[in-house]
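File shown here: data.csv, holding CSV, N, CA and C atoms.
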```csv
chain,number,residue,atom,x,y,z
S,30,MET,N,144.3,143.4,68.6
S,30,MET,CA,143.9,144.7,68.4
S,30,MET,C,145.1,145.6,68.1
S,31,SER,N,145.0,146.6,67.3
S,31,SER,CA,146.0,147.5,66.9
S,31,SER,C,146.5,148.3,68.2
S,32,VAL,N,147.8,148.5,68.3
S,32,VAL,CA,148.3,149.3,69.4
S,32,VAL,C,147.7,150.7,69.4
S,33,ILE,N,147.6,151.3,68.3
S,33,ILE,CA,147.1,152.7,68.2
S,33,ILE,C,145.6,152.7,68.6
S,34,LEU,N,144.8,151.7,68.1
S,34,LEU,CA,143.4,151.6,68.5
S,34,LEU,C,143.3,151.4,70.0
S,35,ARG,N,144.1,150.5,70.6
S,35,ARG,CA,144.1,150.2,72.0
S,35,ARG,C,144.3,151.5,72.8
S,36,GLU,N,145.4,152.3,72.4
S,36,GLU,CA,145.7,153.5,73.1
S,36,GLU,C,144.5,154.5,73.0
S,37,ALA,N,143.9,154.6,71.8
S,37,ALA,CA,142.7,155.5,71.7
S,37,ALA,C,141.6,155.1,72.6
S,38,MET,N,141.3,153.8,72.6
S,38,MET,CA,140.2,153.3,73.4
S,38,MET,C,140.5,153.5,74.9
S,39,ASP,N,141.7,153.3,75.3
S,39,ASP,CA,142.1,153.5,76.7
S,39,ASP,C,141.9,155.0,77.1
S,40,ARG,N,142.3,155.9,76.2
S,40,ARG,CA,142.1,157.3,76.4
S,40,ARG,C,140.7,157.7,76.5
S,41,TRP,N,139.9,157.2,75.6
S,41,TRP,CA,138.4,157.5,75.5
S,41,TRP,C,137.8,156.9,76.8
S,42,ASN,N,138.1,155.7,77.3
S,42,ASN,CA,137.6,155.2,78.5
S,42,ASN,C,138.0,156.0,79.7
S,43,GLU,N,139.2,156.6,79.7
S,43,GLU,CA,139.6,157.5,80.8
S,43,GLU,C,138.7,158.7,80.8
S,44,MET,N,138.5,159.3,79.6
S,44,MET,CA,137.6,160.5,79.5
S,44,MET,C,136.2,160.2,80.0
S,45,ARG,N,135.7,159.0,79.6
S,45,ARG,CA,134.3,158.7,80.0
S,45,ARG,C,134.2,158.5,81.5
S,46,ASP,N,135.2,157.9,82.1
S,46,ASP,CA,135.3,157.7,83.6
S,46,ASP,C,135.2,159.1,84.2
S,47,ASP,N,136.1,160.0,83.7
S,47,ASP,CA,136.1,161.4,84.3
S,47,ASP,C,134.7,162.1,84.1
S,48,PHE,N,134.1,161.9,82.9
S,48,PHE,CA,132.8,162.5,82.7
S,48,PHE,C,131.8,161.9,83.7
S,49,GLU,N,131.8,160.6,83.9
S,49,GLU,CA,130.8,160.1,84.9
S,49,GLU,C,131.0,160.6,86.3
S,50,MET,N,132.3,160.9,86.7
S,50,MET,CA,132.5,161.5,88.0
S,50,MET,C,132.0,162.9,88.0
S,51,PHE,N,132.2,163.6,86.9
S,51,PHE,CA,131.7,165.0,86.8
S,51,PHE,C,130.2,165.0,86.8
S,52,ARG,N,129.6,164.1,86.0
S,52,ARG,CA,128.1,164.0,86.0
S,52,ARG,C,127.5,163.7,87.3
S,53,HIS,N,128.1,162.7,88.0
S,53,HIS,CA,127.6,162.4,89.3
S,53,HIS,C,127.7,163.5,90.3
S,54,ALA,N,128.9,164.2,90.3
S,54,ALA,CA,129.1,165.3,91.2
S,54,ALA,C,128.1,166.4,90.9
S,55,GLN,N,127.8,166.7,89.6
S,55,GLN,CA,126.9,167.7,89.2
S,55,GLN,C,125.4,167.3,89.7
S,56,TYR,N,125.1,166.1,89.5
S,56,TYR,CA,123.8,165.6,89.9
S,56,TYR,C,123.6,165.8,91.4
S,57,GLU,N,124.6,165.4,92.2
S,57,GLU,CA,124.5,165.5,93.7
S,57,GLU,C,124.4,166.9,94.1
S,58,ARG,N,125.1,167.8,93.5
S,58,ARG,CA,125.0,169.3,93.8
S,58,ARG,C,123.6,169.8,93.5
S,59,ALA,N,123.1,169.4,92.3
S,59,ALA,CA,121.8,169.9,91.9
S,59,ALA,C,120.7,169.3,92.8
S,60,ALA,N,120.8,168.1,93.2
S,60,ALA,CA,119.8,167.5,94.1
S,60,ALA,C,119.8,168.2,95.4
S,61,ALA,N,121.0,168.5,95.9
S,61,ALA,CA,121.1,169.3,97.2
S,61,ALA,C,120.5,170.7,97.0
S,62,ASP,N,121.0,171.4,96.0
S,62,ASP,CA,120.6,172.8,95.8
S,62,ASP,C,119.1,172.9,95.5
S,63,CYS,N,118.6,172.0,94.8
S,63,CYS,CA,117.1,172.0,94.4
S,63,CYS,C,116.3,171.2,95.4
S,64,ARG,N,116.9,170.8,96.5
S,64,ARG,CA,116.1,170.1,97.5
S,64,ARG,C,115.4,168.9,96.9
S,65,GLY,N,116.0,168.2,96.0
S,65,GLY,CA,115.5,167.0,95.4
S,65,GLY,C,114.4,167.2,94.3
S,66,GLU,N,114.1,168.4,94.1
S,66,GLU,CA,113.1,168.7,93.1
S,66,GLU,C,113.7,168.9,91.7
S,67,LEU,N,114.0,167.7,91.1
S,67,LEU,CA,114.7,167.7,89.8
S,67,LEU,C,113.7,167.5,88.6
S,68,LEU,N,112.6,166.9,88.8
S,68,LEU,CA,111.7,166.5,87.8
S,68,LEU,C,110.4,167.4,87.8
S,69,ASN,N,109.9,167.7,86.7
S,69,ASN,CA,108.6,168.4,86.6
S,69,ASN,C,107.5,167.3,86.7
S,70,ALA,N,106.2,167.7,86.7
S,70,ALA,CA,105.1,166.8,86.8
S,70,ALA,C,105.1,165.7,85.8
S,71,LEU,N,105.4,166.1,84.5
S,71,LEU,CA,105.5,165.2,83.4
S,71,LEU,C,106.5,164.1,83.7
S,72,GLY,N,107.7,164.6,84.1
S,72,GLY,CA,108.8,163.6,84.4
S,72,GLY,C,108.5,162.6,85.5
S,73,ARG,N,107.8,163.1,86.5
S,73,ARG,CA,107.4,162.2,87.6
S,73,ARG,C,106.3,161.3,87.1
S,74,GLU,N,105.4,161.8,86.3
S,74,GLU,CA,104.3,160.9,85.8
S,74,GLU,C,104.8,159.8,84.9
S,75,GLU,N,105.8,160.1,84.1
S,75,GLU,CA,106.4,159.2,83.1
S,75,GLU,C,107.5,158.3,83.8
S,76,GLY,N,107.8,158.5,85.0
S,76,GLY,CA,108.8,157.7,85.7
S,76,GLY,C,110.2,158.0,85.2
S,77,VAL,N,110.5,159.2,84.8
S,77,VAL,CA,111.9,159.5,84.4
S,77,VAL,C,112.9,159.4,85.5
S,78,ASP,N,114.0,158.9,85.3
S,78,ASP,CA,115.1,158.9,86.3
S,78,ASP,C,115.8,160.3,86.2
S,79,PRO,N,115.8,161.0,87.3
S,79,PRO,CA,116.3,162.4,87.3
S,79,PRO,C,117.8,162.4,86.9
S,80,TYR,N,118.5,161.3,87.2
S,80,TYR,CA,120.0,161.2,86.9
S,80,TYR,C,120.1,161.3,85.3
S,81,SER,N,119.1,160.7,84.6
S,81,SER,CA,119.2,160.6,83.2
S,81,SER,C,119.2,162.0,82.5
S,82,LEU,N,118.7,163.0,83.2
S,82,LEU,CA,118.6,164.4,82.7
S,82,LEU,C,120.0,165.0,82.5
S,83,PHE,N,121.0,164.4,83.1
S,83,PHE,CA,122.4,164.9,83.0
S,83,PHE,C,123.2,164.3,81.9
S,84,LEU,N,122.5,163.6,81.1
S,84,LEU,CA,123.1,162.9,79.9
S,84,LEU,C,122.0,162.9,78.8
S,85,GLY,N,122.4,162.9,77.6
S,85,GLY,CA,121.4,162.9,76.5
S,85,GLY,C,121.1,164.3,76.0
S,86,THR,N,120.0,164.4,75.3
S,86,THR,CA,119.7,165.7,74.6
S,86,THR,C,119.2,166.8,75.5
S,87,SER,N,119.5,168.0,75.2
S,87,SER,CA,119.0,169.1,76.0
S,87,SER,C,117.5,169.3,75.9
S,88,ALA,N,117.0,168.9,74.7
S,88,ALA,CA,115.5,168.9,74.5
S,88,ALA,C,114.8,168.0,75.5
S,89,ARG,N,115.3,166.8,75.7
S,89,ARG,CA,114.7,165.9,76.7
S,89,ARG,C,114.9,166.4,78.1
S,90,ALA,N,116.1,166.9,78.4
S,90,ALA,CA,116.3,167.5,79.7
S,90,ALA,C,115.3,168.6,80.0
S,91,ALA,N,115.1,169.5,79.0
S,91,ALA,CA,114.2,170.6,79.2
S,91,ALA,C,112.7,170.1,79.3
S,92,LYS,N,112.4,169.1,78.7
S,92,LYS,CA,111.0,168.5,78.7
S,92,LYS,C,110.7,168.0,80.1
S,93,TYR,N,111.6,167.4,80.8
S,93,TYR,CA,111.3,166.7,82.1
S,93,TYR,C,111.9,167.4,83.3
S,94,ALA,N,112.8,168.4,83.1
S,94,ALA,CA,113.4,169.0,84.3
S,94,ALA,C,112.4,170.0,85.0
S,95,SER,N,112.6,170.0,86.3
S,95,SER,CA,111.8,171.0,87.1
S,95,SER,C,112.3,172.4,86.8
S,96,GLU,N,111.5,173.4,87.1
S,96,GLU,CA,111.8,174.8,87.0
S,96,GLU,C,113.1,175.1,87.8
S,97,GLU,N,113.2,174.5,89.0
S,97,GLU,CA,114.3,174.7,89.9
S,97,GLU,C,115.6,174.2,89.2
S,98,LEU,N,115.5,173.0,88.6
S,98,LEU,CA,116.7,172.4,87.9
S,98,LEU,C,117.1,173.3,86.7
S,99,ARG,N,116.1,173.7,85.9
S,99,ARG,CA,116.4,174.5,84.7
S,99,ARG,C,117.1,175.8,85.2
S,100,ASP,N,116.6,176.4,86.2
S,100,ASP,CA,117.2,177.6,86.8
S,100,ASP,C,118.6,177.3,87.3
S,101,TRP,N,118.8,176.2,87.9
S,101,TRP,CA,120.1,175.8,88.5
S,101,TRP,C,121.1,175.7,87.3
S,102,TRP,N,120.7,175.1,86.2
S,102,TRP,CA,121.6,175.0,85.1
S,102,TRP,C,122.1,176.3,84.5
S,103,THR,N,121.3,177.4,84.7
S,103,THR,CA,121.7,178.7,84.2
S,103,THR,C,122.7,179.4,85.1
S,104,GLN,N,122.9,178.9,86.3
S,104,GLN,CA,123.8,179.6,87.3
S,104,GLN,C,125.3,179.3,86.9
S,105,ASP,N,126.1,180.2,87.1
S,105,ASP,CA,127.5,180.1,86.8
S,105,ASP,C,128.1,178.8,87.4
S,106,GLY,N,128.8,178.0,86.6
S,106,GLY,CA,129.4,176.8,87.1
S,106,GLY,C,128.5,175.6,87.1
S,107,ASN,N,127.2,175.7,86.7
S,107,ASN,CA,126.3,174.6,86.8
S,107,ASN,C,125.8,174.2,85.4
S,108,SER,N,126.4,174.7,84.3
S,108,SER,CA,125.9,174.4,83.0
S,108,SER,C,125.8,172.9,82.7
S,109,ARG,N,124.8,172.5,82.1
S,109,ARG,CA,124.6,171.1,81.7
S,109,ARG,C,125.6,170.8,80.5
S,110,MET,N,126.5,169.9,80.7
S,110,MET,CA,127.6,169.7,79.7
S,110,MET,C,127.3,168.4,79.0
S,111,THR,N,127.4,168.4,77.7
S,111,THR,CA,127.3,167.1,76.9
S,111,THR,C,128.6,166.4,77.0
S,112,VAL,N,128.6,165.1,76.6
S,112,VAL,CA,129.8,164.3,76.6
S,112,VAL,C,130.8,165.0,75.6
S,113,GLU,N,130.2,165.4,74.5
S,113,GLU,CA,131.1,166.0,73.4
S,113,GLU,C,131.8,167.2,73.9
S,114,ALA,N,131.1,168.1,74.6
S,114,ALA,CA,131.7,169.4,75.1
S,114,ALA,C,132.8,169.0,76.2
S,115,PHE,N,132.4,168.1,77.1
S,115,PHE,CA,133.3,167.6,78.1
S,115,PHE,C,134.6,167.0,77.5
S,116,GLU,N,134.4,166.2,76.4
S,116,GLU,CA,135.5,165.6,75.8
S,116,GLU,C,136.5,166.6,75.2
S,117,ARG,N,135.9,167.7,74.6
S,117,ARG,CA,136.8,168.7,74.0
S,117,ARG,C,137.6,169.4,75.1
S,118,GLN,N,136.9,169.8,76.2
S,118,GLN,CA,137.6,170.4,77.3
S,118,GLN,C,138.7,169.5,78.0
S,119,TRP,N,138.3,168.2,78.1
S,119,TRP,CA,139.2,167.2,78.7
S,119,TRP,C,140.4,167.1,77.9
S,120,LEU,N,140.3,167.0,76.6
S,120,LEU,CA,141.4,166.8,75.7
S,120,LEU,C,142.3,168.1,75.7
S,121,THR,N,141.7,169.2,75.7
S,121,THR,CA,142.4,170.5,75.7
S,121,THR,C,143.3,170.6,77.0
S,122,ALA,N,142.7,170.3,78.1
S,122,ALA,CA,143.4,170.3,79.4
S,122,ALA,C,144.5,169.3,79.4
S,123,ARG,N,144.3,168.2,78.8
S,123,ARG,CA,145.4,167.1,78.8
S,123,ARG,C,146.6,167.6,77.9
S,124,GLU,N,146.3,168.3,76.8
S,124,GLU,CA,147.3,168.7,75.9
S,124,GLU,C,148.0,170.0,76.4
S,125,ASP,N,147.3,170.8,77.1
S,125,ASP,CA,147.9,172.1,77.6
S,125,ASP,C,147.5,172.3,79.1
S,126,PRO,N,148.3,171.8,80.0
S,126,PRO,CA,148.0,171.9,81.4
S,126,PRO,C,147.9,173.4,81.9
S,127,ASN,N,148.3,174.3,81.1
S,127,ASN,CA,148.3,175.7,81.5
S,127,ASN,C,146.9,176.4,81.2
S,128,THR,N,146.0,175.6,80.7
S,128,THR,CA,144.7,176.1,80.3
S,128,THR,C,143.8,176.4,81.5
S,129,GLY,N,144.2,176.0,82.7
S,129,GLY,CA,143.4,176.2,83.9
S,129,GLY,C,142.5,175.1,84.2
S,130,PRO,N,141.5,175.4,85.0
S,130,PRO,CA,140.6,174.3,85.4
S,130,PRO,C,139.8,173.8,84.1
S,131,MET,N,139.6,172.4,84.1
S,131,MET,CA,138.9,171.8,83.0
S,131,MET,C,137.5,172.2,83.0
S,132,TRP,N,136.8,172.2,84.1
S,132,TRP,CA,135.4,172.4,84.2
S,132,TRP,C,135.1,173.4,85.3
S,133,ILE,N,134.4,174.4,85.0
S,133,ILE,CA,134.0,175.4,86.0
S,133,ILE,C,133.1,174.7,87.0
S,134,GLY,N,133.5,174.8,88.2
S,134,GLY,CA,132.7,174.2,89.3
S,134,GLY,C,133.0,172.8,89.6
S,135,TRP,N,134.0,172.2,89.0
S,135,TRP,CA,134.4,170.8,89.3
S,135,TRP,C,135.9,170.6,89.4
S,136,PRO,N,136.4,170.0,90.5
S,136,PRO,CA,135.6,169.7,91.6
S,136,PRO,C,135.3,170.9,92.5
S,137,ARG,N,134.2,170.9,93.2
S,137,ARG,CA,133.9,172.0,94.1
S,137,ARG,C,134.4,171.7,95.4
```
Turn this file's structure into structure tokens for me.
Amino acid sequence: MSVILREAMDRWNEMRDDFEMFRHAQYERAAADCRGELLNALGREEGVDPYSLFLGTSARAAKYASEELRDWWTQDGNSRMTVEAFERQWLTAREDPNTGPMWIGWPR
């Protein structure tokens, strides 16, 4: 494999690992703050994994998220972040350490 491609893949894997830590921390905070009420009736009926709401499209998250979770995402520091948005912030923070915290509310 190309050295350049290997470096790019290593960097992308590091970002994904950081995103998974961020996603897990956000899920744990949401579960605690919402007292475990993360799914609406449709989500429970269809057997949706609540953890999956923290990845994927916002339309799917809105379809299955409880009112408590949707409200939680609107609170400062709890916004639902896509991989793409996380990647942009992650890269910016790596290139300019003076940009401040990478993600509002993480780590808390």
Practice prompt. Show which residues sit within 8 Å of Pro79 (chain S), as a VMD selection string. Count only N, CA and C atoms, and ignore same-chain residues fewer than 6 positions away.
Written response: chain S and resid 56 67 to 68 72 93 to 94
Practice prompt. Would you kindly return, as a PyMOL selection string, each protein, DNA or RNA residue with an atom no farther than 10 Å from any atom of region 95-109 of chain S, considering only C-alpha atoms and excluding same-chain residues fewer than 3 positions away?
Written response: chain S and resi 52+55-56+58-60+62-73+79+82-84+87+90-92+112+114+132-135+137
Okay, now the selection with N, CA and C atoms, as a short mmCIF file (atom, residue, chain, number, x, y, z; two decimals), in the frame of the given file?
```cif
data_model
loop_
_atom_site.label_atom_id
_atom_site.label_comp_id
_atom_site.auth_asym_id
_atom_site.auth_seq_id
_atom_site.Cartn_x
_atom_site.Cartn_y
_atom_site.Cartn_z
N ARG S 52 129.60 164.10 86.00
CA ARG S 52 128.10 164.00 86.00
C ARG S 52 127.50 163.70 87.30
N GLN S 55 127.80 166.70 89.60
CA GLN S 55 126.90 167.70 89.20
C GLN S 55 125.40 167.30 89.70
N TYR S 56 125.10 166.10 89.50
CA TYR S 56 123.80 165.60 89.90
C TYR S 56 123.60 165.80 91.40
N ARG S 58 125.10 167.80 93.50
CA ARG S 58 125.00 169.30 93.80
C ARG S 58 123.60 169.80 93.50
N ALA S 59 123.10 169.40 92.30
CA ALA S 59 121.80 169.90 91.90
C ALA S 59 120.70 169.30 92.80
N ALA S 60 120.80 168.10 93.20
CA ALA S 60 119.80 167.50 94.10
C ALA S 60 119.80 168.20 95.40
N ASP S 62 121.00 171.40 96.00
CA ASP S 62 120.60 172.80 95.80
C ASP S 62 119.10 172.90 95.50
N CYS S 63 118.60 172.00 94.80
CA CYS S 63 117.10 172.00 94.40
C CYS S 63 116.30 171.20 95.40
N ARG S 64 116.90 170.80 96.50
CA ARG S 64 116.10 170.10 97.50
C ARG S 64 115.40 168.90 96.90
N GLY S 65 116.00 168.20 96.00
CA GLY S 65 115.50 167.00 95.40
C GLY S 65 114.40 167.20 94.30
N GLU S 66 114.10 168.40 94.10
CA GLU S 66 113.10 168.70 93.10
C GLU S 66 113.70 168.90 91.70
N LEU S 67 114.00 167.70 91.10
CA LEU S 67 114.70 167.70 89.80
C LEU S 67 113.70 167.50 88.60
N LEU S 68 112.60 166.90 88.80
CA LEU S 68 111.70 166.50 87.80
C LEU S 68 110.40 167.40 87.80
N ASN S 69 109.90 167.70 86.70
CA ASN S 69 108.60 168.40 86.60
C ASN S 69 107.50 167.30 86.70
N ALA S 70 106.20 167.70 86.70
CA ALA S 70 105.10 166.80 86.80
C ALA S 70 105.10 165.70 85.80
N LEU S 71 105.40 166.10 84.50
CA LEU S 71 105.50 165.20 83.40
C LEU S 71 106.50 164.10 83.70
N GLY S 72 107.70 164.60 84.10
CA GLY S 72 108.80 163.60 84.40
C GLY S 72 108.50 162.60 85.50
N ARG S 73 107.80 163.10 86.50
CA ARG S 73 107.40 162.20 87.60
C ARG S 73 106.30 161.30 87.10
N PRO S 79 115.80 161.00 87.30
CA PRO S 79 116.30 162.40 87.30
C PRO S 79 117.80 162.40 86.90
N LEU S 82 118.70 163.00 83.20
CA LEU S 82 118.60 164.40 82.70
C LEU S 82 120.00 165.00 82.50
N PHE S 83 121.00 164.40 83.10
CA PHE S 83 122.40 164.90 83.00
C PHE S 83 123.20 164.30 81.90
N LEU S 84 122.50 163.60 81.10
CA LEU S 84 123.10 162.90 79.90
C LEU S 84 122.00 162.90 78.80
N SER S 87 119.50 168.00 75.20
CA SER S 87 119.00 169.10 76.00
C SER S 87 117.50 169.30 75.90
N ALA S 90 116.10 166.90 78.40
CA ALA S 90 116.30 167.50 79.70
C ALA S 90 115.30 168.60 80.00
N ALA S 91 115.10 169.50 79.00
CA ALA S 91 114.20 170.60 79.20
C ALA S 91 112.70 170.10 79.30
N LYS S 92 112.40 169.10 78.70
CA LYS S 92 111.00 168.50 78.70
C LYS S 92 110.70 168.00 80.10
N VAL S 112 128.60 165.10 76.60
CA VAL S 112 129.80 164.30 76.60
C VAL S 112 130.80 165.00 75.60
N ALA S 114 131.10 168.10 74.60
CA ALA S 114 131.70 169.40 75.10
C ALA S 114 132.80 169.00 76.20
N TRP S 132 136.80 172.20 84.10
CA TRP S 132 135.40 172.40 84.20
C TRP S 132 135.10 173.40 85.30
N ILE S 133 134.40 174.40 85.00
CA ILE S 133 134.00 175.40 86.00
C ILE S 133 133.10 174.70 87.00
N GLY S 134 133.50 174.80 88.20
CA GLY S 134 132.70 174.20 89.30
C GLY S 134 133.00 172.80 89.60
N TRP S 135 134.00 172.20 89.00
CA TRP S 135 134.40 170.80 89.30
C TRP S 135 135.90 170.60 89.40
N ARG S 137 134.20 170.90 93.20
CA ARG S 137 133.90 172.00 94.10
C ARG S 137 134.40 171.70 95.40
#
```
Could you pull the residues within 8 Å of Met44 (chain S), counting all atoms listed in the file, minus those fewer than 5 positions along the same chain, as a PDB file with N, CA and C atoms, in the coordinates of the input?
```pdb
ATOM      1  N   MET S  38     141.300 153.800  72.600  1.00  0.00           N
ATOM      2  CA  MET S  38     140.200 153.300  73.400  1.00  0.00           C
ATOM      3  C   MET S  38     140.500 153.500  74.900  1.00  0.00           C
ATOM      4  N   ASP S  39     141.700 153.300  75.300  1.00  0.00           N
ATOM      5  CA  ASP S  39     142.100 153.500  76.700  1.00  0.00           C
ATOM      6  C   ASP S  39     141.900 155.000  77.100  1.00  0.00           C
ATOM      7  N   GLU S  49     131.800 160.600  83.900  1.00  0.00           N
ATOM      8  CA  GLU S  49     130.800 160.100  84.900  1.00  0.00           C
ATOM      9  C   GLU S  49     131.000 160.600  86.300  1.00  0.00           C
ATOM     10  N   MET S  50     132.300 160.900  86.700  1.00  0.00           N
ATOM     11  CA  MET S  50     132.500 161.500  88.000  1.00  0.00           C
ATOM     12  C   MET S  50     132.000 162.900  88.000  1.00  0.00           C
ATOM     13  N   PHE S 115     132.400 168.100  77.100  1.00  0.00           N
ATOM     14  CA  PHE S 115     133.300 167.600  78.100  1.00  0.00           C
ATOM     15  C   PHE S 115     134.600 167.000  77.500  1.00  0.00           C
ATOM     16  N   GLU S 116     134.400 166.200  76.400  1.00  0.00           N
ATOM     17  CA  GLU S 116     135.500 165.600  75.800  1.00  0.00           C
ATOM     18  C   GLU S 116     136.500 166.600  75.200  1.00  0.00           C
ATOM     19  N   TRP S 119     138.300 168.200  78.100  1.00  0.00           N
ATOM     20  CA  TRP S 119     139.200 167.200  78.700  1.00  0.00           C
ATOM     21  C   TRP S 119     140.400 167.100  77.900  1.00  0.00           C
ATOM     22  N   LEU S 120     140.300 167.000  76.600  1.00  0.00           N
ATOM     23  CA  LEU S 120     141.400 166.800  75.700  1.00  0.00           C
ATOM     24  C   LEU S 120     142.300 168.100  75.700  1.00  0.00           C
TER      25      LEU S 120
END
```
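What separates CA of Asp78 (chain S) from atom C of Trp41 (chain S) is a distance of 24.7 Å.
Interatomic distance, atom N of Arg35 (chain S) against CA of Glu113 (chain S): 20.4 Å.
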Worksheet item: How many Å separate atom N of Leu34 (chain S) from CA of Met110 (chain S)?
Response: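 For atom N of Leu34 (chain S) relative to CA of Met110 (chain S), the distance reads 27.5 Å.
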Worksheet item: Would you give me, as a PyMOL selection string, the residues in chain S that DSSP reads as helix (DSSP H, G or I)?
Response: chain S and resi 32-62+70-74+79-83+87-93+96-103+112-124+126-128
